[in-house]
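Enquirer: Handing you a structure now.
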Amino acid sequence: MSTSSHQIGWKTAAAIVVSNMIGTGIFTTLGFQLSDITNTYSIFLLWVIGGILALFGAFCYAELGSHFKGNGGDFIYLKETYHPLFGYLISWISLIIGFSSPVALAALAMSKYLSVFDYSFGNGFAIAAIFLVAITLSFSLKTSSRFHNFFTFIKIAFIIVLVILGIGLSDDPQIGNSLNFSNSWQNEIMLPAFATSLVFVTYSYTGWNSASYIAGEIKDVQKNLPKSLIIGTVFVTVSYILVNYIMLKHAPVSQLAGKEDVMGEAAVNMLGLSFGKIVNIFIALQLIATISGYLWVGSRLTQAFAKDTRIWKPLSVGNKKGIPVRAIFAHAVIAAIIILTGSFKEIFVYTAFILQLFASLAISTVYFLKKKDRKIFKSNTFYIFPTVFLLFSIYILYFTFIHNPKESMIGLGIIAVGLVLYWIDRRISRQV
């Protein structure tokens with residue numbers, strides 16, 4: 001049990017939620033959505049639904065984290081509730097997809113945003129950025145903390161300044177905007193494209209479970225964990241809607257649709273070319289915190305997973321300062337391979353598909369908690385949270401599979417490889 005001096009309050013826990021959530025998705029996905037969904041109400045509704053699902057999912061994880069003492073997250077929930085195979089698979093997915101893909105996507109988005117400087121910052125730059133962050137995290141916990149906190153501060157300060165500027169400045173009538181408050185939203189929300197757009201949105205909210213992983217380190221967890229999750233998720237939801245409003249206000253659909261660097265396009269219109277380029281630099285800088293956060297947390301989970309396996313055991317070794325250097329560089333190498341083997345959108349879709357699938361599996365374990373085991377939500381109305389989450393998940397996964405069969409099959413193929421590795425690992429363990 002942590003002593004109070006080693007425990008964090010709700011403010012720090014909420015900050016962890018915010019810094020883990022805000023990353024690549026919000027600055028890249030609007031262009032994909034605008035290819036099919038153009039009504040502003042529809043787009044706002046996507047982000048509100050994403051926020052509600054994140055909050056409901058976070059409530060479930062808070063209950064699971066309190067019951068399982070917060071150690072290991074999904075790995076423990078699935079292993080203890082269903083079968084060790086599911087624990088192995090979620091750890092395999094965390095290694096290959098859960099923490100390595102977001103690193104790859106953030107690095108690719110960085111190179112895309114910096115290309116405003118008339119120089120092609122391609123895959124080589126993205127991979128170099130990942131390894132520079134990995135090296136920085138390899139020295140000591142103190143160095144890692146200072147590095148991550150500095151770039152997290154830039155992330156949050158940048159979002160606040162961007163929102164104030166974007167709302168305060170008038171849009172240019174000669175350029176036009178994408179704002180559309182007509183009744184077409186009523187038709188758009190019934191389209192399959194609305195469901196597939198939700199897969200981008202739910203990815204952008206990835207990180208809602210971050211405070212649940214450290215439930216054991218939060219003071220007065222029954223009160224402060226739900227509080228940090230609600231405040232963190234509401235702040236992110238409001239930020240996401242405002243950032244989307246700014247992009248829609250300062251650029252026409254024709255300029256944004258199908259593009260990744262949507263905020264950069266809007267920023268140039270909003271502030272002029274020189275200041276627009278500065279916004280692009282800040283977007284790139286705040287993405288460093290995303291790379292750092294995923295390498296940091298991912299390497300710790302991989303190290304814990306590796307200790308219990310034969311194939312991955314070498315990744316459990318740390319350096320003299322206790323930093324899991326091998327696990328950090330394993331994630332960096334996998335992220336580099338992901339960059340070299342797929343386009344941004346392809347990586348995005350199969351990553352979001354797999355993460356949605358396994359988040360749903362983890363959420364389903366909450367039905368196995370008895371009422372007396374629940375520490376935070378005692379009423380049976382609690383079951384509204386997992387039920388709504390899972391119904392929306394089925395809806396999102398079905399339409400994603402129908403409309404993106406190639407990316408969905410890549411995701412399922414990665415899971416299949418994990419099944420084979422589990423079987424090999426068990427065989428080796430029995431022989432030793």
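So you can find residues: chains in the structure tokens are A, B, ... in the order shown, residues in each start at 1, and ligands are numbered from 1 in order.
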I want to know what sits within 9 Å of A:Ile154, based on only C-alpha atoms, with residues of the same chain fewer than 3 positions away left out; could you give that as a tab-separated table (two decimals) with N, CA, C and O atoms, in the first residue's frame?

Expert:
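Just written: out.tsv:
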chain	number	residue	atom	x	y	z
A	149	ASN	N	7.32	16.19	-18.72
A	149	ASN	CA	6.53	17.28	-18.15
A	149	ASN	C	6.67	18.57	-18.96
A	149	ASN	O	5.69	19.31	-19.13
A	150	PHE	N	7.88	18.83	-19.47
A	150	PHE	CA	8.12	20.04	-20.28
A	150	PHE	C	7.25	20.02	-21.53
A	150	PHE	O	6.55	20.99	-21.84
A	151	PHE	N	7.24	18.90	-22.24
A	151	PHE	CA	6.47	18.82	-23.49
A	151	PHE	C	4.96	18.68	-23.24
A	151	PHE	O	4.16	19.11	-24.06
A	157	ALA	N	-0.67	24.21	-22.82
A	157	ALA	CA	-0.63	25.67	-23.05
A	157	ALA	C	-0.96	25.98	-24.50
A	157	ALA	O	-1.70	26.93	-24.80
A	158	PHE	N	-0.46	25.18	-25.42
A	158	PHE	CA	-0.70	25.39	-26.85
A	158	PHE	C	-2.18	25.26	-27.18
A	158	PHE	O	-2.74	26.08	-27.91
A	159	ILE	N	-2.84	24.22	-26.63
A	159	ILE	CA	-4.27	24.01	-26.89
A	159	ILE	C	-5.07	25.24	-26.41
A	159	ILE	O	-5.94	25.74	-27.13
A	282	PHE	N	4.52	24.14	-33.13
A	282	PHE	CA	3.99	23.80	-31.81
A	282	PHE	C	3.20	22.49	-31.84
A	282	PHE	O	3.23	21.73	-30.87
A	285	LEU	N	5.83	19.93	-31.70
A	285	LEU	CA	6.44	19.85	-30.36
A	285	LEU	C	5.52	19.13	-29.37
A	285	LEU	O	5.98	18.31	-28.58
A	286	GLN	N	4.21	19.43	-29.41
A	286	GLN	CA	3.31	18.77	-28.46
A	286	GLN	C	3.18	17.28	-28.77
A	286	GLN	O	2.87	16.49	-27.89
A	289	ALA	N	5.41	14.97	-26.70
A	289	ALA	CA	4.85	14.46	-25.43
A	289	ALA	C	4.04	13.20	-25.65
A	289	ALA	O	4.03	12.29	-24.80

Enquirer: So that I can check the surroundings of A:Leu30, please list as a PyMOL selection string every protein, DNA and RNA residue that reaches within 9 Å of it, counting only C-alpha atoms and ignoring chain neighbours fewer than 2 positions away.

Expert: chain A and resi 25-28+32-35+43+200+244+247-248+256-260+262-263

Enquirer: How would the residues just chosen look if you wrote them out with C-alpha atoms as a compact mmCIF listing (two decimals), in the first residue's frame?

Expert:
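Writing the result to result_12.txt gives the following:
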# COMPACT_ATOMS: atom_id res chain seq x y z
CA GLY A 25 -6.06 12.20 -33.36
CA ILE A 26 -7.44 15.69 -32.77
CA PHE A 27 -4.97 17.29 -35.21
CA THR A 28 -5.34 14.73 -38.02
CA PHE A 32 -10.93 11.96 -42.95
CA GLN A 33 -14.35 12.78 -41.46
CA LEU A 34 -15.04 15.61 -43.94
CA SER A 35 -14.72 13.22 -46.87
CA ILE A 43 -19.06 16.51 -36.43
CA PHE A 200 -11.18 7.92 -35.65
CA ASN A 244 -12.73 21.26 -34.50
CA MET A 247 -10.54 24.30 -38.06
CA LEU A 248 -14.05 24.41 -39.59
CA LEU A 256 -9.42 20.09 -45.44
CA ALA A 257 -11.10 16.95 -46.86
CA GLY A 258 -8.76 13.96 -47.06
CA LYS A 259 -5.81 15.85 -45.50
CA GLU A 260 -3.84 14.88 -42.38
CA VAL A 262 -5.79 19.96 -41.10
CA MET A 263 -4.84 22.27 -38.23

Enquirer: Which residue gives the smallest distance to A:Ser364 among A:Leu45, A:Val201, A:Leu64, A:Met270, with only C-alpha atoms counted?

Expert: A:Leu64

Enquirer: Could you check which of A:Glu407, A:Leu295, A:Ala359, A:Pro226 is closest to A:Thr136, using only C-alpha atoms?

Expert: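 Ranked by minimum distance to A:Thr136, first place goes to A:Leu295.
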
Enquirer: If you count only C-alpha atoms, which residues fall within 8 Å of A:Ala332, apart from same-chain ones fewer than 4 positions away, as a list in words?

Expert: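 The neighbour list is Ser100, Val103, Ile130, Phe131, Ala134, Leu295, Ile328 and Ala336 of chain A.
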
Enquirer: Return the single residue from A:Gly418, A:Pro252, A:Gly51, A:Gly232 that is closest to A:Asn177, with distances computed using only C-alpha atoms.

Expert: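 That would be A:Pro252, the residue with the smallest distance to A:Asn177.
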
Enquirer: May I ask which of the residues A:Val325, A:Leu85, A:Val221, A:Leu287 is the closest one to A:Leu137, counting only C-alpha atoms?

Expert: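 Using only C-alpha atoms, the shortest distance to A:Leu137 belongs to A:Val325.
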
Enquirer: Hey, which of A:Tyr41, A:Tyr88, A:Tyr395, A:Phe377 ends up closest to A:Gln222? Count only C-alpha atoms.

Expert: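 Ranked by minimum distance to A:Gln222, first place goes to A:Phe377.
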
Enquirer: Could you list, as a ChimeraX atom specification, every residue within 6 Å of A:Ser228, counting only C-alpha atoms and ignoring same-chain residues fewer than 5 positions away?

Expert: /A:10,13-14

Enquirer: What does the file look like for those residues with N, CA, C and O atoms, as a PDB file, in the first residue's frame?

Expert:
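And here's selection.pdb as it stands now:
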ATOM      1  N   TRP A  10      -6.312  14.285  -7.064  1.00  0.00           N
ATOM      2  CA  TRP A  10      -7.135  14.227  -8.275  1.00  0.00           C
ATOM      3  C   TRP A  10      -6.600  15.143  -9.368  1.00  0.00           C
ATOM      4  O   TRP A  10      -6.757  14.843 -10.555  1.00  0.00           O
ATOM      5  N   ALA A  13      -3.866  13.307 -11.207  1.00  0.00           N
ATOM      6  CA  ALA A  13      -4.495  12.210 -11.952  1.00  0.00           C
ATOM      7  C   ALA A  13      -5.240  12.739 -13.173  1.00  0.00           C
ATOM      8  O   ALA A  13      -5.175  12.160 -14.264  1.00  0.00           O
ATOM      9  N   ALA A  14      -5.951  13.877 -13.013  1.00  0.00           N
ATOM     10  CA  ALA A  14      -6.667  14.484 -14.148  1.00  0.00           C
ATOM     11  C   ALA A  14      -5.681  14.955 -15.215  1.00  0.00           C
ATOM     12  O   ALA A  14      -5.933  14.811 -16.416  1.00  0.00           O
TER      13      ALA A  14
END

Enquirer: If you measure from atom CA of A:Leu340 to atom CA of A:Asn123, what distance in Å do you get, rounded to one decimal?

Expert: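 Atom-to-atom, atom CA of A:Leu340 to atom CA of A:Asn123, that is 7.2 Å.
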
Enquirer: Restricting the calculation to only C-alpha atoms: of A:Ser379, A:Thr365, A:Ser254, A:Ser239, which residue gets closest to A:Glu80?

Expert: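 Comparing A:Ser379, A:Thr365, A:Ser254, A:Ser239 against A:Glu80, the winner is A:Thr365.
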
Enquirer: If we count only C-alpha atoms, what is near A:Trp208 at a cut-off of 12 Å, once residues fewer than 6 positions away on the same chain are taken out, given as a ChimeraX atom specification?

Expert: /A:13-22,50-62,202,225-226,228-237,359

Enquirer: Skip A:Ser138 itself and residues of its chain fewer than 3 positions away, then list as a ChimeraX atom specification all residues within 9 Å of it, counting only C-alpha atoms.

Expert: /A:133-135,141,143-144,319,321,323-325,328

Enquirer: Generate the output file for the selected residues, C-alpha atoms, as a compact mmCIF listing (two decimals), in the first residue's frame.

Expert:
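That gives us part_19.txt:
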# COMPACT_ATOMS: atom_id res chain seq x y z
CA VAL A 133 12.88 10.42 -27.60
CA ALA A 134 13.70 6.77 -26.73
CA ILE A 135 17.33 7.73 -25.96
CA LEU A 141 13.45 8.61 -14.09
CA THR A 143 15.44 13.02 -16.79
CA SER A 144 12.39 11.24 -18.22
CA ASN A 319 19.50 -0.69 -16.76
CA LYS A 321 18.79 3.08 -12.91
CA ILE A 323 14.76 2.01 -16.65
CA PRO A 324 13.37 -0.74 -18.98
CA VAL A 325 15.69 0.31 -21.83
CA ILE A 328 11.67 1.21 -24.72

Enquirer: As an exercise, work out the distance from atom CA of A:Leu301 to atom CA of A:Ile96 in Å and give it to one decimal place.

Expert: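 So the answer is 12.2 Å.
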
Enquirer: Find the spatial neighbours of A:Phe305, counting only C-alpha atoms, within a cut-off of 10 Å - ignore same-chain residues fewer than 5 positions away - and output them as number ranges by chain.

Expert: A: 72, 75, 87-88, 90-92, 94-95, 299-300, 312-313, 315-316

Enquirer: Print the selection's residues with N, CA and C atoms to a file, as a tab-separated table (two decimals), in the first residue's frame.

Expert:
chain	number	residue	atom	x	y	z
A	72	GLY	N	-1.51	-3.50	-13.64
A	72	GLY	CA	-1.51	-4.25	-14.91
A	72	GLY	C	-2.64	-3.96	-15.85
A	75	PHE	N	-4.50	-6.35	-18.84
A	75	PHE	CA	-3.84	-7.65	-18.73
A	75	PHE	C	-4.42	-8.46	-17.57
A	87	GLY	N	-5.02	-12.48	-21.48
A	87	GLY	CA	-4.00	-11.61	-20.89
A	87	GLY	C	-2.78	-11.52	-21.78
A	88	TYR	N	-2.38	-12.68	-22.35
A	88	TYR	CA	-1.24	-12.71	-23.27
A	88	TYR	C	-1.53	-11.88	-24.51
A	90	ILE	N	-3.67	-9.36	-24.99
A	90	ILE	CA	-3.73	-7.91	-24.77
A	90	ILE	C	-2.32	-7.36	-24.60
A	91	SER	N	-1.42	-8.13	-24.00
A	91	SER	CA	-0.03	-7.68	-23.84
A	91	SER	C	0.68	-7.66	-25.19
A	92	TRP	N	0.42	-8.66	-26.02
A	92	TRP	CA	0.98	-8.72	-27.38
A	92	TRP	C	0.47	-7.51	-28.19
A	94	SER	N	-0.61	-4.68	-26.95
A	94	SER	CA	0.00	-3.48	-26.37
A	94	SER	C	1.41	-3.26	-26.92
A	95	LEU	N	2.15	-4.35	-27.07
A	95	LEU	CA	3.53	-4.26	-27.58
A	95	LEU	C	3.53	-3.82	-29.04
A	299	SER	N	6.53	0.81	-22.29
A	299	SER	CA	7.73	0.03	-21.91
A	299	SER	C	7.57	-0.62	-20.54
A	300	ARG	N	6.87	0.08	-19.62
A	300	ARG	CA	6.65	-0.49	-18.27
A	300	ARG	C	5.71	-1.69	-18.32
A	312	TRP	N	9.60	-13.36	-24.68
A	312	TRP	CA	9.84	-11.92	-24.49
A	312	TRP	C	10.69	-11.61	-23.26
A	313	LYS	N	11.14	-12.62	-22.54
A	313	LYS	CA	11.87	-12.40	-21.27
A	313	LYS	C	13.02	-11.39	-21.38
A	315	LEU	N	13.17	-8.68	-22.79
A	315	LEU	CA	12.67	-7.31	-22.71
A	315	LEU	C	12.39	-6.87	-21.29
A	316	SER	N	12.46	-7.78	-20.32
A	316	SER	CA	12.17	-7.43	-18.93
A	316	SER	C	13.38	-6.82	-18.22

Enquirer: Just asking: which residues within stretch 144-389 of chain A are alpha helix (DSSP H) according to DSSP, as JSON, numbers by chain?

Expert: {"A": [144, 145, 146, 147, 148, 149, 150, 151, 152, 153, 154, 155, 156, 157, 158, 159, 160, 161, 162, 163, 164, 165, 166, 167, 168, 185, 186, 187, 188, 192, 193, 194, 195, 196, 197, 198, 199, 200, 201, 202, 203, 204, 210, 211, 212, 213, 221, 222, 223, 224, 225, 226, 227, 228, 229, 230, 231, 232, 233, 234, 235, 236, 237, 238, 239, 240, 241, 242, 243, 244, 245, 246, 247, 248, 249, 253, 254, 255, 256, 262, 263, 264, 265, 266, 267, 268, 269, 270, 271, 272, 273, 274, 275, 276, 277, 278, 279, 280, 281, 282, 283, 284, 285, 286, 287, 288, 289, 290, 291, 292, 293, 294, 295, 296, 297, 298, 299, 300, 301, 302, 303, 304, 305, 306, 307, 325, 326, 327, 328, 329, 330, 331, 332, 333, 334, 335, 336, 337, 338, 339, 340, 341, 344, 345, 346, 347, 348, 349, 350, 351, 352, 353, 354, 355, 356, 357, 358, 359, 360, 361, 362, 363, 364, 384, 385, 386, 387, 388, 389]}
